[in-house]
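Comments concern the structure below.
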Amino acid sequence: DCYERSKTVLGSSKRWPTEQTRGEPIFSTDSAKNPDFYNWNAVFVGYCDGSVYTGNASEPAVVDGKSLYFRGKSILGSTMAQLNHRQGMLGASDIVWSGSSAGAVATLYHADWLGKRLGPNVETFRAIPFSGLVFSDGPNFQGENELSKMLQWAYKAMDLRFDSPCAKDHAGEEYKCGYPETAYRYIKTPVFLSNSVYDAWTVQNADNISKKTVRANQMNDVIPYLNGQARGTWDNITETKTWSKAGNGAFITSCMTHVGGLKNPGWDGVIVDGRNLRDSISLWMQGEPSRTTRPCQYTRAPPHSCNPTCPPSELQL
């Protein structure tokens, strides 16, 4: 609900603290915990526009007398101008554009746009979306495609603007460029995916699986459905040219977490193909191939999880 969201820190910057400390390992200044970025400058861009910095509505929507502005694209443009011309980013040599959850979706949407607005000294520009593959074009556990309806509404109401060739390829159905898997297909910026094929947010919201939505006589169908969704996600990303393109990488897990890579043990404790996420990103940053193989699938018998290094599931049925 956009109106209710506007009253929170996710819908308005008015409630943001004047100072903020980030505890994610990727912001750590300890070289042992964060070997690649411990001494980098870091900019945290908060999320407040409700349109993943893609909205371009010329007029506000009015709800109960309150104006709701969907001008995320302008906010992003102004933010980049501030960083480039007042904060010195034009002089940067290496830049990583990253985000988590909705921020990861924004990373996929806008990396190429951002790459065209960097300074002349940039030697490398890369993107790392954490848990950005959060919904796709398909039915949920109940056979309905509610998120597709929501995306179509947002495309019109927020006047979403997608800059990649995707919009031309999907003329008349431009809203489909809003699916993260589609955005991944079109991204040209070197990208490293950090994602689970059993993402906890996706399972609860996109798949609509929870204690409240699954009946007792449907419980035996949940694991086969989730395994099918996991296979679909894997197939959808690995069949693209983006996946196999030189310079791209990925760390795909089976953990029932959301943004697990920006927490512990997801950063350095979850092991896939003999390596953790931190070291996988490090290899990728050095220009080495770093791409995990097909993740394991859940078992029907509890505890279901197939990777013993995964933390406990964030979603309990």
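Letters A, B, ... go to the chains of the structure tokens in the order shown; residues in each chain start at 1; ligands are counted from 1 in the same order.
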- Shell of 7 Å around segment 25-35 of chain A, only C-alpha atoms, local chain residues under 4 positions omitted, as a list in words: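 Contacts, in chain order: Asn39, Leu262 and Lys263 of chain A.
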May I have the selected residues written with N, CA, C and O atoms, as a PDB file, in the first residue's frame?
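Written file, part26.pdb:
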ATOM      1  N   ASN A  39      38.798  -0.698   2.420  1.00  0.00           N
ATOM      2  CA  ASN A  39      39.350   0.664   2.392  1.00  0.00           C
ATOM      3  C   ASN A  39      38.742   1.513   1.286  1.00  0.00           C
ATOM      4  O   ASN A  39      39.298   2.526   0.889  1.00  0.00           O
ATOM      5  N   LEU A 262      24.400 -10.633   2.694  1.00  0.00           N
ATOM      6  CA  LEU A 262      24.858  -9.451   3.438  1.00  0.00           C
ATOM      7  C   LEU A 262      24.757  -9.656   4.942  1.00  0.00           C
ATOM      8  O   LEU A 262      24.772  -8.694   5.716  1.00  0.00           O
ATOM      9  N   LYS A 263      24.636 -10.905   5.337  1.00  0.00           N
ATOM     10  CA  LYS A 263      24.600 -11.252   6.760  1.00  0.00           C
ATOM     11  C   LYS A 263      25.593 -12.386   6.976  1.00  0.00           C
ATOM     12  O   LYS A 263      26.080 -12.994   6.038  1.00  0.00           O
TER      13      LYS A 263
END
Show which residues sit within 9 Å of segment 94-101 of chain A, as a tab-separated table (two decimals) with all heavy atoms, in the first residue's frame. Count only C-alpha atoms, and ignore same-chain residues fewer than 5 positions away.
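The result, written out as out04.tsv:
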chain	number	residue	atom	x	y	z
A	106	ALA	N	17.00	-2.42	-8.35
A	106	ALA	CA	17.47	-1.15	-8.88
A	106	ALA	C	18.86	-1.28	-9.49
A	106	ALA	O	19.18	-0.63	-10.50
A	106	ALA	CB	17.48	-0.09	-7.78
A	107	THR	N	19.69	-2.11	-8.89
A	107	THR	CA	21.03	-2.36	-9.44
A	107	THR	C	20.94	-2.93	-10.85
A	107	THR	O	21.64	-2.50	-11.76
A	107	THR	CB	21.81	-3.32	-8.53
A	107	THR	OG1	21.93	-2.75	-7.22
A	107	THR	CG2	23.20	-3.58	-9.08
A	108	LEU	N	20.04	-3.90	-11.03
A	108	LEU	CA	19.86	-4.50	-12.35
A	108	LEU	C	19.24	-3.51	-13.34
A	108	LEU	O	19.65	-3.44	-14.50
A	108	LEU	CB	18.97	-5.74	-12.24
A	108	LEU	CG	19.58	-6.94	-11.52
A	108	LEU	CD1	18.51	-7.99	-11.22
A	108	LEU	CD2	20.70	-7.57	-12.34
A	111	ALA	N	22.12	-0.10	-13.77
A	111	ALA	CA	23.58	-0.17	-13.87
A	111	ALA	C	24.09	0.42	-15.19
A	111	ALA	O	25.04	1.22	-15.21
A	111	ALA	CB	24.06	-1.61	-13.72
A	114	LEU	N	23.71	4.17	-15.21
A	114	LEU	CA	24.70	4.80	-14.35
A	114	LEU	C	26.09	4.77	-15.00
A	114	LEU	O	26.84	5.75	-14.91
A	114	LEU	CB	24.74	4.08	-13.00
A	114	LEU	CG	25.80	4.54	-12.00
A	114	LEU	CD1	25.55	5.98	-11.59
A	114	LEU	CD2	25.80	3.64	-10.78
A	121	ASN	N	37.97	8.99	-15.31
A	121	ASN	CA	39.04	8.21	-14.69
A	121	ASN	C	38.64	6.78	-14.33
A	121	ASN	O	39.45	6.01	-13.82
A	121	ASN	CB	39.54	8.91	-13.43
A	121	ASN	CG	40.14	10.29	-13.73
A	121	ASN	OD1	40.82	10.45	-14.73
A	121	ASN	ND2	39.85	11.26	-12.88
A	122	VAL	N	37.37	6.43	-14.57
A	122	VAL	CA	36.88	5.10	-14.18
A	122	VAL	C	37.55	4.01	-15.01
A	122	VAL	O	37.52	4.04	-16.24
A	122	VAL	CB	35.36	5.02	-14.32
A	122	VAL	CG1	34.88	3.58	-14.11
A	122	VAL	CG2	34.68	5.93	-13.31
A	123	GLU	N	38.19	3.09	-14.33
A	123	GLU	CA	38.84	1.95	-14.99
A	123	GLU	C	37.96	0.72	-14.96
A	123	GLU	O	37.93	-0.06	-15.93
A	123	GLU	CB	40.18	1.67	-14.30
A	123	GLU	CG	41.18	2.83	-14.40
A	123	GLU	CD	42.44	2.55	-13.61
A	123	GLU	OE1	42.60	1.42	-13.12
A	123	GLU	OE2	43.28	3.47	-13.50
A	124	THR	N	37.26	0.50	-13.85
A	124	THR	CA	36.34	-0.63	-13.75
A	124	THR	C	35.03	-0.18	-13.13
A	124	THR	O	35.01	0.61	-12.18
A	124	THR	CB	36.91	-1.77	-12.89
A	124	THR	OG1	37.10	-1.32	-11.54
A	124	THR	CG2	38.23	-2.27	-13.46
A	125	PHE	N	33.94	-0.68	-13.68
A	125	PHE	CA	32.61	-0.42	-13.13
A	125	PHE	C	31.85	-1.73	-13.15
A	125	PHE	O	31.73	-2.38	-14.19
A	125	PHE	CB	31.87	0.63	-13.96
A	125	PHE	CG	30.43	0.81	-13.56
A	125	PHE	CD1	30.11	1.22	-12.27
A	125	PHE	CD2	29.40	0.56	-14.46
A	125	PHE	CE1	28.78	1.38	-11.88
A	125	PHE	CE2	28.07	0.72	-14.09
A	125	PHE	CZ	27.76	1.13	-12.79
A	126	ARG	N	31.40	-2.16	-11.98
A	126	ARG	CA	30.75	-3.45	-11.85
A	126	ARG	C	29.47	-3.33	-11.04
A	126	ARG	O	29.26	-2.33	-10.33
A	126	ARG	CB	31.67	-4.46	-11.17
A	126	ARG	CG	32.99	-4.75	-11.90
A	126	ARG	CD	33.78	-5.77	-11.12
A	126	ARG	NE	34.99	-6.22	-11.81
A	126	ARG	CZ	36.20	-5.78	-11.54
A	126	ARG	NH1	36.37	-4.86	-10.59
A	126	ARG	NH2	37.24	-6.25	-12.19
A	127	ALA	N	28.63	-4.36	-11.10
A	127	ALA	CA	27.37	-4.38	-10.36
A	127	ALA	C	27.25	-5.67	-9.56
A	127	ALA	O	27.60	-6.75	-10.07
A	127	ALA	CB	26.19	-4.25	-11.31
A	128	ILE	N	26.79	-5.55	-8.31
A	128	ILE	CA	26.55	-6.73	-7.47
A	128	ILE	C	25.16	-6.62	-6.84
A	128	ILE	O	24.97	-5.95	-5.82
A	128	ILE	CB	27.60	-6.87	-6.34
A	128	ILE	CG1	29.02	-6.79	-6.90
A	128	ILE	CG2	27.40	-8.19	-5.60
A	128	ILE	CD1	30.09	-6.86	-5.81
A	129	PRO	N	24.15	-7.24	-7.43
A	129	PRO	CA	22.82	-7.27	-6.81
A	129	PRO	C	22.69	-8.43	-5.82
A	129	PRO	O	22.96	-9.58	-6.18
A	129	PRO	CB	21.88	-7.45	-8.01
A	129	PRO	CG	22.72	-8.15	-9.04
A	129	PRO	CD	24.15	-7.79	-8.79
A	130	PHE	N	22.30	-8.11	-4.58
A	130	PHE	CA	22.09	-9.13	-3.55
A	130	PHE	C	20.59	-9.40	-3.42
A	130	PHE	O	19.83	-8.53	-2.98
A	130	PHE	CB	22.65	-8.67	-2.20
A	130	PHE	CG	24.15	-8.58	-2.14
A	130	PHE	CD1	24.80	-7.40	-2.49
A	130	PHE	CD2	24.91	-9.66	-1.74
A	130	PHE	CE1	26.18	-7.30	-2.44
A	130	PHE	CE2	26.30	-9.57	-1.68
A	130	PHE	CZ	26.94	-8.39	-2.03
A	131	SER	N	20.16	-10.58	-3.82
A	131	SER	CA	18.75	-10.99	-3.73
A	131	SER	C	17.85	-10.09	-4.56
A	131	SER	O	16.84	-9.58	-4.08
A	131	SER	CB	18.28	-11.01	-2.26
A	131	SER	OG	19.02	-11.95	-1.52
A	132	GLY	N	18.21	-9.92	-5.82
A	132	GLY	CA	17.40	-9.11	-6.71
A	132	GLY	C	16.40	-9.91	-7.53
A	132	GLY	O	15.44	-9.35	-8.06
A	133	LEU	N	16.61	-11.22	-7.65
A	133	LEU	CA	15.69	-12.05	-8.44
A	133	LEU	C	14.52	-12.46	-7.55
A	133	LEU	O	14.39	-13.62	-7.15
A	133	LEU	CB	16.42	-13.27	-8.99
A	133	LEU	CG	17.67	-12.99	-9.83
A	133	LEU	CD1	18.28	-14.30	-10.32
A	133	LEU	CD2	17.34	-12.08	-11.02
A	134	VAL	N	13.65	-11.51	-7.24
A	134	VAL	CA	12.63	-11.74	-6.22
A	134	VAL	C	11.25	-12.08	-6.77
A	134	VAL	O	10.38	-12.53	-6.03
A	134	VAL	CB	12.52	-10.52	-5.27
A	134	VAL	CG1	13.71	-10.46	-4.33
A	134	VAL	CG2	12.40	-9.22	-6.06
A	201	TRP	N	11.83	-14.09	0.82
A	201	TRP	CA	10.83	-13.09	0.46
A	201	TRP	C	10.00	-13.58	-0.72
A	201	TRP	O	8.78	-13.42	-0.74
A	201	TRP	CB	11.50	-11.77	0.10
A	201	TRP	CG	10.53	-10.63	-0.10
A	201	TRP	CD1	10.16	-9.70	0.81
A	201	TRP	CD2	9.78	-10.34	-1.30
A	201	TRP	NE1	9.23	-8.84	0.26
A	201	TRP	CE2	8.98	-9.22	-1.03
A	201	TRP	CE3	9.71	-10.92	-2.57
A	201	TRP	CZ2	8.13	-8.66	-1.98
A	201	TRP	CZ3	8.84	-10.38	-3.52
A	201	TRP	CH2	8.06	-9.25	-3.22
A	258	HIS	N	16.68	-14.23	2.79
A	258	HIS	CA	16.54	-13.08	1.90
A	258	HIS	C	17.66	-12.11	2.23
A	258	HIS	O	17.85	-11.75	3.39
A	258	HIS	CB	15.18	-12.41	2.09
A	258	HIS	CG	14.95	-11.25	1.16
A	258	HIS	ND1	15.03	-11.38	-0.21
A	258	HIS	CD2	14.68	-9.94	1.41
A	258	HIS	CE1	14.80	-10.20	-0.77
A	258	HIS	NE2	14.60	-9.31	0.18
A	259	VAL	N	18.41	-11.71	1.23
A	259	VAL	CA	19.61	-10.89	1.41
A	259	VAL	C	20.58	-11.61	2.35
A	259	VAL	O	21.27	-11.00	3.15
A	259	VAL	CB	19.28	-9.48	1.93
A	259	VAL	CG1	20.46	-8.55	1.73
A	259	VAL	CG2	18.07	-8.88	1.22
A	262	LEU	N	24.40	-10.63	2.69
A	262	LEU	CA	24.86	-9.45	3.44
A	262	LEU	C	24.76	-9.66	4.94
A	262	LEU	O	24.77	-8.69	5.72
A	262	LEU	CB	24.05	-8.22	3.03
A	262	LEU	CG	24.35	-7.69	1.62
A	262	LEU	CD1	23.55	-6.43	1.34
A	262	LEU	CD2	25.84	-7.42	1.44
- Item | DSSP-assigned strand (DSSP E) members of segment 13-180 of chain A, reported as a list in words |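 Going through segment 13-180 of chain A, the strand (DSSP E) residues come out as Ala61, Val62, Val63, Lys66, Ser67, Leu68, Asp94, Ile95, Val96, Trp97, Ser98, Gly99, Ser100, Thr124, Phe125, Arg126, Ala127, Ile128, Pro129 and Phe130 of chain A.
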- Could you please determine the separation between atom CA of Gln297 of chain A and atom CA of Tyr225 of chain A in Å, to one decimal place?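 About the pair atom CA of Gln297 of chain A and atom CA of Tyr225 of chain A: they are 11.2 Å apart.
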- Message: I'd like the neighbourhood of Ala171 of chain A as a PyMOL selection string, where a residue qualifies if any of its atoms comes within 12 Å (using only C-alpha atoms), though same-chain residues fewer than 6 positions away should be ignored.
- Response: chain A and resi 162+165+177
Dump N, CA and C atoms for the selected residues as a PDB file, in the first residue's frame?
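As a result, result-v1.pdb now contains:
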ATOM      1  N   PHE A 162      12.165   2.402 -18.400  1.00  0.00           N
ATOM      2  CA  PHE A 162      13.265   1.451 -18.547  1.00  0.00           C
ATOM      3  C   PHE A 162      14.121   1.882 -19.738  1.00  0.00           C
ATOM      4  N   PRO A 165      17.472  -1.638 -24.132  1.00  0.00           N
ATOM      5  CA  PRO A 165      16.756  -2.036 -25.354  1.00  0.00           C
ATOM      6  C   PRO A 165      15.539  -2.899 -25.077  1.00  0.00           C
ATOM      7  N   CYS A 177       9.729  -5.459 -18.765  1.00  0.00           N
ATOM      8  CA  CYS A 177      11.127  -5.120 -18.470  1.00  0.00           C
ATOM      9  C   CYS A 177      11.344  -4.968 -16.972  1.00  0.00           C
TER      10      CYS A 177
END
- Message: Using DSSP secondary structure from the backbone, list all alpha helix (DSSP H) positions within segment 136-301 of chain A, as a ChimeraX atom specification.
- Response: /A:146-157,166-169,180-186,200-201,219-238,241-244,277-285
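Omitting Ser58 of chain A and its sequence neighbours fewer than 5 positions away, and counting only C-alpha atoms, the residues within 12 Å are Leu68, Tyr69, Phe70, Arg71, Gly72, Lys73, Ser74, Lys156, Ala157, Met158, Asp159 and Leu160 of chain A.
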- Item | Point-to-point distance in Å for atom CA of Arg231 of chain A and atom CA of Ile209 of chain A | 17.3 Å
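Residues in contact with Lys66 of chain A at up to 12 Å, not including ones fewer than 3 positions away on its chain and judged by only C-alpha atoms, are A:Cys2, A:Tyr3, A:Glu4, A:Ser6, A:Lys7, A:Pro60, A:Ala61, A:Val62, A:Val63, A:Tyr69.
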Just to be explicit: take each residue in the selection above, keep all heavy atoms, and write the result as a JSON list (two decimals), in the first residue's frame.
[["chain", "number", "residue", "atom", "x", "y", "z"],
["A", 2, "CYS", "N", 0.87, 1.98, -1.09],
["A", 2, "CYS", "CA", 1.77, 3.12, -1.24],
["A", 2, "CYS", "C", 1.53, 4.20, -0.20],
["A", 2, "CYS", "O", 2.47, 4.85, 0.29],
["A", 2, "CYS", "CB", 1.63, 3.71, -2.64],
["A", 2, "CYS", "SG", 2.11, 2.59, -3.97],
["A", 3, "TYR", "N", 0.27, 4.40, 0.16],
["A", 3, "TYR", "CA", -0.04, 5.45, 1.13],
["A", 3, "TYR", "C", 0.55, 5.12, 2.50],
["A", 3, "TYR", "O", 1.19, 5.96, 3.14],
["A", 3, "TYR", "CB", -1.55, 5.63, 1.23],
["A", 3, "TYR", "CG", -1.98, 6.60, 2.31],
["A", 3, "TYR", "CD1", -1.72, 7.96, 2.18],
["A", 3, "TYR", "CD2", -2.63, 6.15, 3.47],
["A", 3, "TYR", "CE1", -2.11, 8.86, 3.18],
["A", 3, "TYR", "CE2", -3.00, 7.04, 4.45],
["A", 3, "TYR", "CZ", -2.75, 8.39, 4.30],
["A", 3, "TYR", "OH", -3.12, 9.26, 5.29],
["A", 4, "GLU", "N", 0.34, 3.88, 2.96],
["A", 4, "GLU", "CA", 0.88, 3.49, 4.26],
["A", 4, "GLU", "C", 2.41, 3.47, 4.23],
["A", 4, "GLU", "O", 3.06, 3.85, 5.21],
["A", 4, "GLU", "CB", 0.35, 2.10, 4.66],
["A", 4, "GLU", "CG", -1.15, 2.08, 4.94],
["A", 4, "GLU", "CD", -1.54, 3.01, 6.08],
["A", 4, "GLU", "OE1", -0.75, 3.14, 7.05],
["A", 4, "GLU", "OE2", -2.63, 3.63, 5.99],
["A", 6, "SER", "N", 4.27, 5.40, 2.59],
["A", 6, "SER", "CA", 4.78, 6.78, 2.59],
["A", 6, "SER", "C", 4.98, 7.32, 4.00],
["A", 6, "SER", "O", 5.66, 8.32, 4.19],
["A", 6, "SER", "CB", 3.82, 7.69, 1.83],
["A", 6, "SER", "OG", 2.60, 7.90, 2.55],
["A", 7, "LYS", "N", 4.41, 6.65, 4.98],
["A", 7, "LYS", "CA", 4.54, 7.09, 6.39],
["A", 7, "LYS", "C", 5.78, 6.50, 7.05],
["A", 7, "LYS", "O", 6.06, 6.80, 8.21],
["A", 7, "LYS", "CB", 3.30, 6.68, 7.18],
["A", 7, "LYS", "CG", 1.99, 7.23, 6.65],
["A", 7, "LYS", "CD", 0.81, 6.68, 7.46],
["A", 7, "LYS", "CE", -0.51, 7.12, 6.89],
["A", 7, "LYS", "NZ", -1.67, 6.55, 7.66],
["A", 60, "PRO", "N", 1.46, 14.06, -8.97],
["A", 60, "PRO", "CA", 1.34, 13.15, -7.83],
["A", 60, "PRO", "C", -0.02, 12.46, -7.80],
["A", 60, "PRO", "O", -1.00, 12.98, -8.33],
["A", 60, "PRO", "CB", 1.52, 14.08, -6.63],
["A", 60, "PRO", "CG", 1.00, 15.40, -7.12],
["A", 60, "PRO", "CD", 1.42, 15.48, -8.56],
["A", 61, "ALA", "N", -0.04, 11.30, -7.17],
["A", 61, "ALA", "CA", -1.30, 10.64, -6.87],
["A", 61, "ALA", "C", -1.78, 11.14, -5.52],
["A", 61, "ALA", "O", -0.98, 11.29, -4.59],
["A", 61, "ALA", "CB", -1.12, 9.13, -6.85],
["A", 62, "VAL", "N", -3.04, 11.43, -5.39],
["A", 62, "VAL", "CA", -3.58, 11.98, -4.15],
["A", 62, "VAL", "C", -4.41, 10.91, -3.45],
["A", 62, "VAL", "O", -5.38, 10.39, -4.01],
["A", 62, "VAL", "CB", -4.44, 13.24, -4.41],
["A", 62, "VAL", "CG1", -4.99, 13.78, -3.09],
["A", 62, "VAL", "CG2", -3.61, 14.31, -5.12],
["A", 63, "VAL", "N", -4.02, 10.57, -2.22],
["A", 63, "VAL", "CA", -4.72, 9.57, -1.42],
["A", 63, "VAL", "C", -5.05, 10.18, -0.07],
["A", 63, "VAL", "O", -4.15, 10.62, 0.66],
["A", 63, "VAL", "CB", -3.85, 8.31, -1.22],
["A", 63, "VAL", "CG1", -4.61, 7.27, -0.38],
["A", 63, "VAL", "CG2", -3.46, 7.71, -2.56],
["A", 69, "TYR", "N", 4.35, 11.10, -4.53],
["A", 69, "TYR", "CA", 5.17, 11.39, -5.70],
["A", 69, "TYR", "C", 5.96, 10.15, -6.13],
["A", 69, "TYR", "O", 6.66, 9.55, -5.33],
["A", 69, "TYR", "CB", 6.13, 12.54, -5.39],
["A", 69, "TYR", "CG", 5.44, 13.84, -5.09],
["A", 69, "TYR", "CD1", 5.06, 14.17, -3.79],
["A", 69, "TYR", "CD2", 5.15, 14.74, -6.12],
["A", 69, "TYR", "CE1", 4.40, 15.35, -3.52],
["A", 69, "TYR", "CE2", 4.50, 15.94, -5.85],
["A", 69, "TYR", "CZ", 4.12, 16.24, -4.54],
["A", 69, "TYR", "OH", 3.47, 17.42, -4.28]]
- Item | Distance query Gly287 of chain A at most 10 Å, only C-alpha atoms, self and fewer than 5 positions along chain excluded, as a ChimeraX atom specification | /A:246-249,281-282
Dump N, CA, C and O atoms for the selected residues as a short mmCIF file (atom, residue, chain, number, x, y, z; two decimals), in the first residue's frame?
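Written out: selection.cif:
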data_model
loop_
_atom_site.label_atom_id
_atom_site.label_comp_id
_atom_site.auth_asym_id
_atom_site.auth_seq_id
_atom_site.Cartn_x
_atom_site.Cartn_y
_atom_site.Cartn_z
N ALA A 246 31.83 -13.49 -20.45
CA ALA A 246 33.09 -13.29 -19.74
C ALA A 246 33.02 -12.02 -18.90
O ALA A 246 32.54 -10.99 -19.37
N GLY A 247 33.51 -12.11 -17.67
CA GLY A 247 33.48 -10.95 -16.78
C GLY A 247 32.31 -10.94 -15.82
O GLY A 247 32.29 -10.14 -14.89
N ASN A 248 31.33 -11.83 -16.04
CA ASN A 248 30.21 -11.94 -15.11
C ASN A 248 30.42 -13.11 -14.16
O ASN A 248 31.17 -14.05 -14.47
N GLY A 249 29.76 -13.07 -13.01
CA GLY A 249 29.89 -14.14 -12.03
C GLY A 249 28.60 -14.33 -11.26
O GLY A 249 27.64 -13.58 -11.42
N ILE A 281 33.34 -13.43 -4.59
CA ILE A 281 33.37 -12.05 -5.08
C ILE A 281 34.81 -11.59 -5.27
O ILE A 281 35.14 -10.90 -6.25
N SER A 282 35.67 -11.97 -4.35
CA SER A 282 37.07 -11.58 -4.44
C SER A 282 37.71 -12.11 -5.72
O SER A 282 38.44 -11.39 -6.42
#
- Task: Do a neighbour search on Leu226 of chain A at 12 Å with only C-alpha atoms, toss out local chain neighbours closer than 6 positions, and write the hits as a list of chain:residue names.
- Result: A:Asn140, A:Phe141, A:Ser196, A:Val197, A:Tyr198, A:Asp199, A:Ala200, A:Thr202, A:Val203, A:Gln204, A:Ala206, A:Asp207, A:Asn208, A:Ile209, A:Met219, A:Asn220, A:Gly232, A:Thr233, A:Ser254, A:Met256, A:Gln297, A:Tyr298, A:Thr299, A:Arg300, A:His304, A:Ser305
